[in-house]
>>> print(open('input_12.pdb').read())   # PDB, C-alpha atoms
ATOM      1  CA  MET A 263      -6.644 -33.923  -5.651  1.00  0.00           C
ATOM      2  CA  LYS A 264      -4.511 -34.048  -2.520  1.00  0.00           C
ATOM      3  CA  ALA A 265      -3.587 -30.789  -0.880  1.00  0.00           C
ATOM      4  CA  ASP A 266      -1.223 -29.828   1.920  1.00  0.00           C
ATOM      5  CA  ALA A 267      -3.568 -27.133   3.196  1.00  0.00           C
ATOM      6  CA  THR A 268      -7.096 -25.903   2.642  1.00  0.00           C
ATOM      7  CA  LEU A 269      -8.366 -22.340   2.631  1.00  0.00           C
ATOM      8  CA  ASP A 270     -12.085 -21.733   3.031  1.00  0.00           C
ATOM      9  CA  CYS A 271     -13.279 -18.711   1.066  1.00  0.00           C
ATOM     10  CA  ILE A 272     -16.922 -19.759   0.846  1.00  0.00           C
ATOM     11  CA  GLY A 273     -19.167 -16.708   0.963  1.00  0.00           C
ATOM     12  CA  LEU A 274     -16.353 -14.283   0.167  1.00  0.00           C
ATOM     13  CA  TYR A 275     -16.310 -11.984  -2.830  1.00  0.00           C
ATOM     14  CA  CYS A 276     -13.525 -10.442  -4.839  1.00  0.00           C
ATOM     15  CA  PRO A 277     -10.884  -9.404  -3.810  1.00  0.00           C
ATOM     16  CA  MET A 278     -10.947 -11.375  -0.561  1.00  0.00           C
ATOM     17  CA  PRO A 279     -10.311 -14.902  -1.979  1.00  0.00           C
ATOM     18  CA  ILE A 280      -7.110 -13.869  -3.743  1.00  0.00           C
ATOM     19  CA  ALA A 281      -6.043 -11.688  -0.815  1.00  0.00           C
ATOM     20  CA  HIS A 282      -6.445 -14.665   1.544  1.00  0.00           C
ATOM     21  CA  THR A 283      -4.778 -17.004  -0.961  1.00  0.00           C
ATOM     22  CA  ALA A 284      -1.721 -14.757  -1.222  1.00  0.00           C
ATOM     23  CA  LYS A 285      -1.442 -14.657   2.560  1.00  0.00           C
ATOM     24  CA  LYS A 286      -2.028 -18.375   3.057  1.00  0.00           C
ATOM     25  CA  LEU A 287       0.539 -19.354   0.448  1.00  0.00           C
ATOM     26  CA  GLU A 288       3.202 -17.539   2.443  1.00  0.00           C
ATOM     27  CA  GLU A 289       2.805 -20.206   5.131  1.00  0.00           C
ATOM     28  CA  LEU A 290       3.438 -23.044   2.670  1.00  0.00           C
ATOM     29  CA  GLU A 291       6.723 -24.427   1.356  1.00  0.00           C
ATOM     30  CA  VAL A 292       7.631 -24.315  -2.337  1.00  0.00           C
ATOM     31  CA  GLY A 293       6.111 -27.357  -4.025  1.00  0.00           C
ATOM     32  CA  GLN A 294       3.230 -27.731  -1.591  1.00  0.00           C
ATOM     33  CA  VAL A 295      -0.345 -27.609  -2.807  1.00  0.00           C
ATOM     34  CA  LEU A 296      -3.068 -25.303  -1.497  1.00  0.00           C
ATOM     35  CA  GLU A 297      -6.740 -26.066  -1.938  1.00  0.00           C
ATOM     36  CA  VAL A 298      -9.021 -23.023  -2.038  1.00  0.00           C
ATOM     37  CA  LEU A 299     -12.754 -23.466  -1.561  1.00  0.00           C
ATOM     38  CA  ALA A 300     -14.843 -20.689  -3.048  1.00  0.00           C
ATOM     39  CA  ASP A 301     -18.316 -20.007  -4.358  1.00  0.00           C
ATOM     40  CA  ASP A 302     -17.879 -16.675  -6.132  1.00  0.00           C
ATOM     41  CA  GLU A 303     -17.913 -17.483  -9.829  1.00  0.00           C
ATOM     42  CA  GLY A 304     -15.275 -14.852 -10.525  1.00  0.00           C
ATOM     43  CA  ILE A 305     -12.706 -17.209  -9.030  1.00  0.00           C
ATOM     44  CA  LYS A 306     -12.692 -19.243 -12.269  1.00  0.00           C
ATOM     45  CA  GLU A 307     -11.063 -16.353 -14.103  1.00  0.00           C
ATOM     46  CA  ASP A 308      -9.385 -14.615 -11.193  1.00  0.00           C
ATOM     47  CA  MET A 309      -7.341 -17.470  -9.807  1.00  0.00           C
ATOM     48  CA  PRO A 310      -5.715 -18.325 -13.164  1.00  0.00           C
ATOM     49  CA  ALA A 311      -4.940 -14.605 -13.589  1.00  0.00           C
ATOM     50  CA  TRP A 312      -3.529 -14.447 -10.077  1.00  0.00           C
ATOM     51  CA  CYS A 313      -1.365 -17.517 -10.724  1.00  0.00           C
ATOM     52  CA  ARG A 314      -0.077 -16.136 -14.045  1.00  0.00           C
ATOM     53  CA  THR A 315       0.889 -12.862 -12.386  1.00  0.00           C
ATOM     54  CA  THR A 316       2.476 -14.286  -9.269  1.00  0.00           C
ATOM     55  CA  GLY A 317       4.191 -17.217 -10.982  1.00  0.00           C
ATOM     56  CA  ASN A 318       2.417 -19.956  -9.058  1.00  0.00           C
ATOM     57  CA  GLU A 319       1.089 -23.059 -10.762  1.00  0.00           C
ATOM     58  CA  LEU A 320      -2.623 -23.598 -11.165  1.00  0.00           C
ATOM     59  CA  LEU A 321      -3.183 -27.343 -11.020  1.00  0.00           C
ATOM     60  CA  GLY A 322      -6.887 -27.245 -11.662  1.00  0.00           C
ATOM     61  CA  ILE A 323     -10.329 -26.010 -10.771  1.00  0.00           C
ATOM     62  CA  GLU A 324     -13.044 -28.484  -9.834  1.00  0.00           C
ATOM     63  CA  GLU A 325     -16.644 -27.394  -9.922  1.00  0.00           C
ATOM     64  CA  GLU A 326     -19.202 -29.071  -7.742  1.00  0.00           C
ATOM     65  CA  GLY A 327     -22.582 -28.070  -6.388  1.00  0.00           C
ATOM     66  CA  GLY A 328     -22.239 -24.369  -7.151  1.00  0.00           C
ATOM     67  CA  GLY A 329     -18.839 -24.226  -5.481  1.00  0.00           C
ATOM     68  CA  TYR A 330     -15.278 -24.423  -6.680  1.00  0.00           C
ATOM     69  CA  LYS A 331     -12.171 -26.186  -5.491  1.00  0.00           C
ATOM     70  CA  VAL A 332      -9.025 -24.567  -6.772  1.00  0.00           C
ATOM     71  CA  TYR A 333      -5.619 -26.226  -6.507  1.00  0.00           C
ATOM     72  CA  ILE A 334      -2.464 -24.166  -6.554  1.00  0.00           C
ATOM     73  CA  ARG A 335       1.121 -25.348  -6.275  1.00  0.00           C
ATOM     74  CA  LYS A 336       3.428 -22.847  -4.652  1.00  0.00           C
ATOM     75  CA  SER A 337       6.167 -22.374  -7.215  1.00  0.00           C
ATOM     76  CA  LYS A 338       8.443 -19.774  -5.673  1.00  0.00           C
TER      77      LYS A 338
ATOM     78  CA  MET B 207      11.450  -5.531  -8.576  1.00  0.00           C
ATOM     79  CA  PRO B 208       7.710  -5.749  -8.008  1.00  0.00           C
ATOM     80  CA  GLU B 209       5.427  -3.959 -10.456  1.00  0.00           C
ATOM     81  CA  LYS B 210       3.984  -0.692  -9.215  1.00  0.00           C
ATOM     82  CA  VAL B 211       0.362   0.315  -9.102  1.00  0.00           C
ATOM     83  CA  THR B 212      -0.843   3.783  -8.211  1.00  0.00           C
ATOM     84  CA  LEU B 213      -4.330   5.057  -7.540  1.00  0.00           C
ATOM     85  CA  VAL B 214      -5.315   8.700  -7.325  1.00  0.00           C
ATOM     86  CA  VAL B 215      -8.332   8.725  -5.058  1.00  0.00           C
ATOM     87  CA  PHE B 216     -10.040  12.034  -5.774  1.00  0.00           C
ATOM     88  CA  SER B 217     -13.614  11.074  -4.921  1.00  0.00           C
ATOM     89  CA  GLY B 218     -14.999  10.984  -1.427  1.00  0.00           C
ATOM     90  CA  GLU B 219     -17.955   8.653  -1.910  1.00  0.00           C
ATOM     91  CA  MET B 220     -18.230   5.294  -0.218  1.00  0.00           C
ATOM     92  CA  ASP B 221     -18.877   3.267  -3.370  1.00  0.00           C
ATOM     93  CA  LYS B 222     -15.923   4.804  -5.196  1.00  0.00           C
ATOM     94  CA  ALA B 223     -13.732   4.238  -2.156  1.00  0.00           C
ATOM     95  CA  LEU B 224     -14.776   0.571  -2.101  1.00  0.00           C
ATOM     96  CA  ALA B 225     -13.768   0.202  -5.748  1.00  0.00           C
ATOM     97  CA  ALA B 226     -10.405   1.859  -5.104  1.00  0.00           C
ATOM     98  CA  PHE B 227      -9.630  -0.339  -2.092  1.00  0.00           C
ATOM     99  CA  ASN B 228     -10.756  -3.481  -3.927  1.00  0.00           C
ATOM    100  CA  ILE B 229      -8.247  -2.804  -6.676  1.00  0.00           C
ATOM    101  CA  ALA B 230      -5.528  -1.890  -4.195  1.00  0.00           C
ATOM    102  CA  ILE B 231      -6.024  -5.071  -2.166  1.00  0.00           C
ATOM    103  CA  GLY B 232      -6.197  -7.209  -5.306  1.00  0.00           C
ATOM    104  CA  ALA B 233      -3.011  -5.667  -6.683  1.00  0.00           C
ATOM    105  CA  ALA B 234      -1.185  -6.202  -3.398  1.00  0.00           C
ATOM    106  CA  ALA B 235      -2.338  -9.833  -3.394  1.00  0.00           C
ATOM    107  CA  MET B 236      -0.853 -10.178  -6.878  1.00  0.00           C
ATOM    108  CA  GLY B 237       2.508  -9.137  -5.528  1.00  0.00           C
ATOM    109  CA  MET B 238       2.400  -5.565  -6.761  1.00  0.00           C
ATOM    110  CA  GLU B 239       3.559  -2.511  -4.843  1.00  0.00           C
ATOM    111  CA  VAL B 240       0.557  -0.243  -4.344  1.00  0.00           C
ATOM    112  CA  SER B 241       0.338   3.455  -3.486  1.00  0.00           C
ATOM    113  CA  MET B 242      -2.909   5.311  -2.970  1.00  0.00           C
ATOM    114  CA  PHE B 243      -2.793   9.085  -3.321  1.00  0.00           C
ATOM    115  CA  PHE B 244      -5.715  10.719  -1.613  1.00  0.00           C
ATOM    116  CA  THR B 245      -6.560  14.169  -2.846  1.00  0.00           C
ATOM    117  CA  PHE B 246      -9.457  16.612  -2.603  1.00  0.00           C
ATOM    118  CA  TRP B 247     -12.701  14.856  -1.564  1.00  0.00           C
ATOM    119  CA  GLY B 248     -10.760  11.588  -1.403  1.00  0.00           C
ATOM    120  CA  LEU B 249      -9.074  12.904   1.738  1.00  0.00           C
ATOM    121  CA  ASN B 250     -12.384  12.358   3.525  1.00  0.00           C
ATOM    122  CA  ILE B 251     -11.897   8.597   3.265  1.00  0.00           C
ATOM    123  CA  ILE B 252      -8.773   8.672   5.419  1.00  0.00           C
ATOM    124  CA  ARG B 253      -9.957  11.296   7.904  1.00  0.00           C
ATOM    125  CA  ARG B 254     -10.735  10.202  11.430  1.00  0.00           C
ATOM    126  CA  ASN B 255     -14.339   9.503  12.274  1.00  0.00           C
ATOM    127  CA  GLU B 256     -13.908  10.907  15.767  1.00  0.00           C
ATOM    128  CA  GLY B 257     -12.275  13.994  17.201  1.00  0.00           C
ATOM    129  CA  SER B 258     -12.721  17.645  16.442  1.00  0.00           C
ATOM    130  CA  THR B 259     -11.988  19.417  13.184  1.00  0.00           C
ATOM    131  CA  LYS B 260      -9.701  22.351  13.681  1.00  0.00           C
ATOM    132  CA  SER B 261      -9.081  24.778  10.899  1.00  0.00           C
ATOM    133  CA  ARG B 262      -8.330  28.454  10.591  1.00  0.00           C
ATOM    134  CA  GLY B 263     -10.568  31.026   8.984  1.00  0.00           C
ATOM    135  CA  MET B 264     -14.307  31.331   8.687  1.00  0.00           C
ATOM    136  CA  MET B 265     -14.662  29.695   5.270  1.00  0.00           C
ATOM    137  CA  ARG B 266     -12.474  26.712   6.124  1.00  0.00           C
ATOM    138  CA  LYS B 267     -14.309  26.267   9.397  1.00  0.00           C
ATOM    139  CA  MET B 268     -17.591  26.231   7.502  1.00  0.00           C
ATOM    140  CA  LEU B 269     -16.233  23.834   4.901  1.00  0.00           C
ATOM    141  CA  ASN B 270     -14.977  21.407   7.522  1.00  0.00           C
ATOM    142  CA  PHE B 271     -18.213  21.656   9.428  1.00  0.00           C
ATOM    143  CA  MET B 272     -20.143  20.581   6.335  1.00  0.00           C
ATOM    144  CA  ASN B 273     -17.431  18.344   4.926  1.00  0.00           C
ATOM    145  CA  ARG B 274     -16.604  16.508   8.132  1.00  0.00           C
ATOM    146  CA  GLY B 275     -15.000  13.432   6.539  1.00  0.00           C
ATOM    147  CA  GLY B 276     -14.317  10.009   8.036  1.00  0.00           C
ATOM    148  CA  SER B 277     -14.896   6.564   6.552  1.00  0.00           C
ATOM    149  CA  LYS B 278     -18.292   6.250   8.243  1.00  0.00           C
ATOM    150  CA  ARG B 279     -19.619   9.566   6.928  1.00  0.00           C
ATOM    151  CA  LEU B 280     -19.085   9.072   3.192  1.00  0.00           C
ATOM    152  CA  PRO B 281     -22.199   9.281   1.024  1.00  0.00           C
ATOM    153  CA  LEU B 282     -23.071   7.012  -1.890  1.00  0.00           C
ATOM    154  CA  SER B 283     -22.423   8.531  -5.314  1.00  0.00           C
ATOM    155  CA  ARG B 284     -25.925   7.506  -6.411  1.00  0.00           C
ATOM    156  CA  PHE B 285     -29.128   6.882  -4.490  1.00  0.00           C
ATOM    157  CA  HIS B 286     -27.739   8.235  -1.256  1.00  0.00           C
ATOM    158  CA  MET B 287     -31.247   9.456  -0.374  1.00  0.00           C
ATOM    159  CA  LEU B 288     -30.206  11.353   2.778  1.00  0.00           C
ATOM    160  CA  GLY B 289     -28.447   8.272   4.049  1.00  0.00           C
ATOM    161  CA  LEU B 290     -31.218   5.739   3.481  1.00  0.00           C
ATOM    162  CA  GLY B 291     -29.609   4.443   0.294  1.00  0.00           C
ATOM    163  CA  LYS B 292     -26.283   4.191   2.017  1.00  0.00           C
ATOM    164  CA  TRP B 293     -27.806   2.303   4.919  1.00  0.00           C
ATOM    165  CA  MET B 294     -29.407  -0.132   2.473  1.00  0.00           C
ATOM    166  CA  MET B 295     -26.150  -0.630   0.611  1.00  0.00           C
ATOM    167  CA  GLY B 296     -24.388  -1.299   3.909  1.00  0.00           C
ATOM    168  CA  LYS B 297     -27.048  -3.862   4.742  1.00  0.00           C
ATOM    169  CA  LEU B 298     -26.675  -5.577   1.366  1.00  0.00           C
ATOM    170  CA  MET B 299     -22.905  -5.693   1.777  1.00  0.00           C
ATOM    171  CA  GLN B 300     -23.297  -7.165   5.237  1.00  0.00           C
ATOM    172  CA  ASP B 301     -25.718  -9.820   3.945  1.00  0.00           C
ATOM    173  CA  ALA B 302     -23.224 -10.711   1.225  1.00  0.00           C
ATOM    174  CA  LYS B 303     -20.490 -10.886   3.904  1.00  0.00           C
ATOM    175  CA  PHE B 304     -18.606  -8.208   2.023  1.00  0.00           C
ATOM    176  CA  PRO B 305     -16.134  -6.333   4.224  1.00  0.00           C
ATOM    177  CA  SER B 306     -16.955  -2.801   5.352  1.00  0.00           C
ATOM    178  CA  LEU B 307     -14.863   0.106   4.115  1.00  0.00           C
ATOM    179  CA  ASP B 308     -13.039   0.169   7.461  1.00  0.00           C
ATOM    180  CA  GLU B 309     -12.172  -3.507   7.114  1.00  0.00           C
ATOM    181  CA  LEU B 310     -10.942  -2.921   3.558  1.00  0.00           C
ATOM    182  CA  ILE B 311      -8.753  -0.054   4.767  1.00  0.00           C
ATOM    183  CA  ALA B 312      -7.283  -2.354   7.427  1.00  0.00           C
ATOM    184  CA  THR B 313      -6.753  -5.172   4.911  1.00  0.00           C
ATOM    185  CA  ALA B 314      -5.051  -2.811   2.474  1.00  0.00           C
ATOM    186  CA  ARG B 315      -2.742  -1.712   5.262  1.00  0.00           C
ATOM    187  CA  GLU B 316      -1.903  -5.266   6.258  1.00  0.00           C
ATOM    188  CA  SER B 317      -1.077  -6.068   2.640  1.00  0.00           C
ATOM    189  CA  GLY B 318       1.410  -3.200   2.517  1.00  0.00           C
ATOM    190  CA  VAL B 319      -0.553  -0.605   0.541  1.00  0.00           C
ATOM    191  CA  LYS B 320       0.891   2.872   1.060  1.00  0.00           C
ATOM    192  CA  PHE B 321      -1.400   5.783   1.904  1.00  0.00           C
ATOM    193  CA  ILE B 322      -0.339   9.238   0.799  1.00  0.00           C
ATOM    194  CA  ALA B 323      -2.283  12.417   1.557  1.00  0.00           C
ATOM    195  CA  CYS B 324      -2.044  15.420  -0.762  1.00  0.00           C
ATOM    196  CA  THR B 325      -0.686  18.426   1.107  1.00  0.00           C
ATOM    197  CA  THR B 326      -2.044  20.969  -1.378  1.00  0.00           C
ATOM    198  CA  SER B 327      -5.633  19.834  -0.862  1.00  0.00           C
ATOM    199  CA  MET B 328      -5.012  19.790   2.869  1.00  0.00           C
ATOM    200  CA  ALA B 329      -3.813  23.395   2.794  1.00  0.00           C
ATOM    201  CA  ILE B 330      -6.629  24.659   0.584  1.00  0.00           C
ATOM    202  CA  MET B 331      -9.307  22.913   2.597  1.00  0.00           C
ATOM    203  CA  GLY B 332      -7.698  23.603   5.963  1.00  0.00           C
ATOM    204  CA  ILE B 333      -7.268  19.997   7.058  1.00  0.00           C
ATOM    205  CA  SER B 334      -4.420  19.345   9.490  1.00  0.00           C
ATOM    206  CA  LYS B 335      -2.305  16.174   9.756  1.00  0.00           C
ATOM    207  CA  GLU B 336      -4.003  15.352  13.044  1.00  0.00           C
ATOM    208  CA  ALA B 337      -7.313  14.979  11.214  1.00  0.00           C
ATOM    209  CA  PHE B 338      -6.118  11.774   9.510  1.00  0.00           C
ATOM    210  CA  ILE B 339      -6.093   8.155  10.584  1.00  0.00           C
ATOM    211  CA  PRO B 340      -2.639   7.012  11.763  1.00  0.00           C
ATOM    212  CA  GLU B 341      -2.305   4.657   8.783  1.00  0.00           C
ATOM    213  CA  VAL B 342      -1.374   7.569   6.501  1.00  0.00           C
ATOM    214  CA  ASP B 343       2.343   7.120   5.711  1.00  0.00           C
ATOM    215  CA  THR B 344       3.228  10.220   3.809  1.00  0.00           C
ATOM    216  CA  PHE B 345       2.087  13.773   3.271  1.00  0.00           C
ATOM    217  CA  ALA B 346       3.251  14.795  -0.172  1.00  0.00           C
ATOM    218  CA  GLY B 347       2.518  16.371  -3.520  1.00  0.00           C
ATOM    219  CA  VAL B 348       2.291  15.658  -7.213  1.00  0.00           C
ATOM    220  CA  ALA B 349       6.013  14.981  -7.716  1.00  0.00           C
ATOM    221  CA  THR B 350       5.808  12.098  -5.266  1.00  0.00           C
ATOM    222  CA  TYR B 351       2.826  10.757  -7.157  1.00  0.00           C
ATOM    223  CA  LEU B 352       4.473  11.110 -10.565  1.00  0.00           C
ATOM    224  CA  ALA B 353       7.728   9.558  -9.398  1.00  0.00           C
ATOM    225  CA  GLU B 354       5.723   6.458  -8.471  1.00  0.00           C
ATOM    226  CA  ALA B 355       3.350   6.602 -11.443  1.00  0.00           C
ATOM    227  CA  ARG B 356       6.099   6.763 -14.063  1.00  0.00           C
ATOM    228  CA  GLU B 357       7.324   3.417 -12.795  1.00  0.00           C
ATOM    229  CA  GLY B 358       3.796   2.106 -12.511  1.00  0.00           C
ATOM    230  CA  LYS B 359       2.148  -0.192 -14.996  1.00  0.00           C
ATOM    231  CA  VAL B 360      -1.320   0.466 -13.673  1.00  0.00           C
ATOM    232  CA  ASN B 361      -2.199   4.042 -12.727  1.00  0.00           C
ATOM    233  CA  LEU B 362      -5.802   4.818 -11.959  1.00  0.00           C
ATOM    234  CA  PHE B 363      -7.852   7.883 -11.132  1.00  0.00           C
ATOM    235  CA  VAL B 364     -10.892   7.207  -8.992  1.00  0.00           C
TER     236      VAL B 364
END
>>> encode(input="input_12.pdb", output="structure tokens")
Amino acid sequence: MKADATLDCIGLYCPMPIAHTAKKLEELEVGQVLEVLADDEGIKEDMPAWCRTTGNELLGIEEEGGGYKVYIRKSK
Amino acid sequence: MPEKVTLVVFSGEMDKALAAFNIAIGAAAMGMEVSMFFTFWGLNIIRRNEGSTKSRGMMRKMLNFMNRGGSKRLPLSRFHMLGLGKWMMGKLMQDAKFPSLDELIATARESGVKFIACTTSMAIMGISKEAFIPEVDTFAGVATYLAEAREGKVNLFV
């Protein structure tokens, strides 16, 4: 998936990935896509929950080699 | 209107403080408005690590000598083992690249979490305003807490 920006959260545990995601998304324009790289398994549940709460769109989560790539479209 | 979250931080142990700040930072990242009310032993978390402790009266002086406070002096709630357990936990956190309590306090601040210190506990225990880190926004009582909590969807006691 193509992203407008990438945020590296490898090695970080909850709540840092969502805290960094919230901050990073502020820099993006509405409609742009952020890619978040993470390796804490909790991200699989946490990022959808974060998106539901904040009203951003979760485009997908790709799993590869023990890590995760999460794609979020800034929706507002 | 953002949703409100309040946390009453009563405990003064490092592990409980970590849990409280984790939730606060997570809630702020989810766009919620977060207030942390520090009361009783919880006040120790937001006391300065350095500087003298001034309080009036023999018993308060003794209490503040033993209960010095400061984010670096908090014990673990279990397996503290005169500080050895705490040192080990700190090491494990460092290995896992988990932020220290001080870093979590700073992150919470940057994400707009409000810090409120309970004036009643301060008076009983003889802790002055100067004893706290400058990040503390408000010195207030239970009405301030309840005014926030009644609008809050998530209200926790740690």
>>> residues_around(input="input_12.pdb", residues="Thr315 (chain A)", least_positions_apart="5", cutoff="9 Å", atoms="all atoms listed in the file", output="number ranges by chain")
A: 310; B: 236-237
>>> residues_near_point(input="input_12.pdb", point="(-4.4, 21.3, -1.4)", cutoff="12 Å", atoms="all atoms listed in the file", output="list in words")
Phe216, Phe244, Thr245, Phe246, Trp247, Gly248, Leu249, Ala323, Cys324, Thr325, Thr326, Ser327, Met328, Ala329, Ile330, Met331, Gly332, Ile333, Ser334, Phe345, Ala346, Gly347 and Val348 of chain B
>>> resolve_selection(input="input_12.pdb", expression="the ChimeraX specification (/B :<8) & /A", output="PyMOL selection string")
chain A and resi 273-278+280-281+283-285+312+315-316
>>> residues_near_point(input="input_12.pdb", point="(-5.9, -18.7, -0.4)", cutoff="12 Å", atoms="only C-alpha atoms", output="ChimeraX atom specification")
/A:267-272,274,277-290,295-300,305,309,312-313,331-336 /B:235-236
>>> atom_distance(input="input_12.pdb", atom1="CA of Asp343 (chain B)", atom2="CA of Met272 (chain B)")
26.2 Å
>>> residues_around(input="input_12.pdb", residues="Ala355 (chain B)", least_positions_apart="4", cutoff="12 Å", atoms="all atoms listed in the file", output="PyMOL selection string")
chain B and resi 209-214+239-243+348-351+359-363
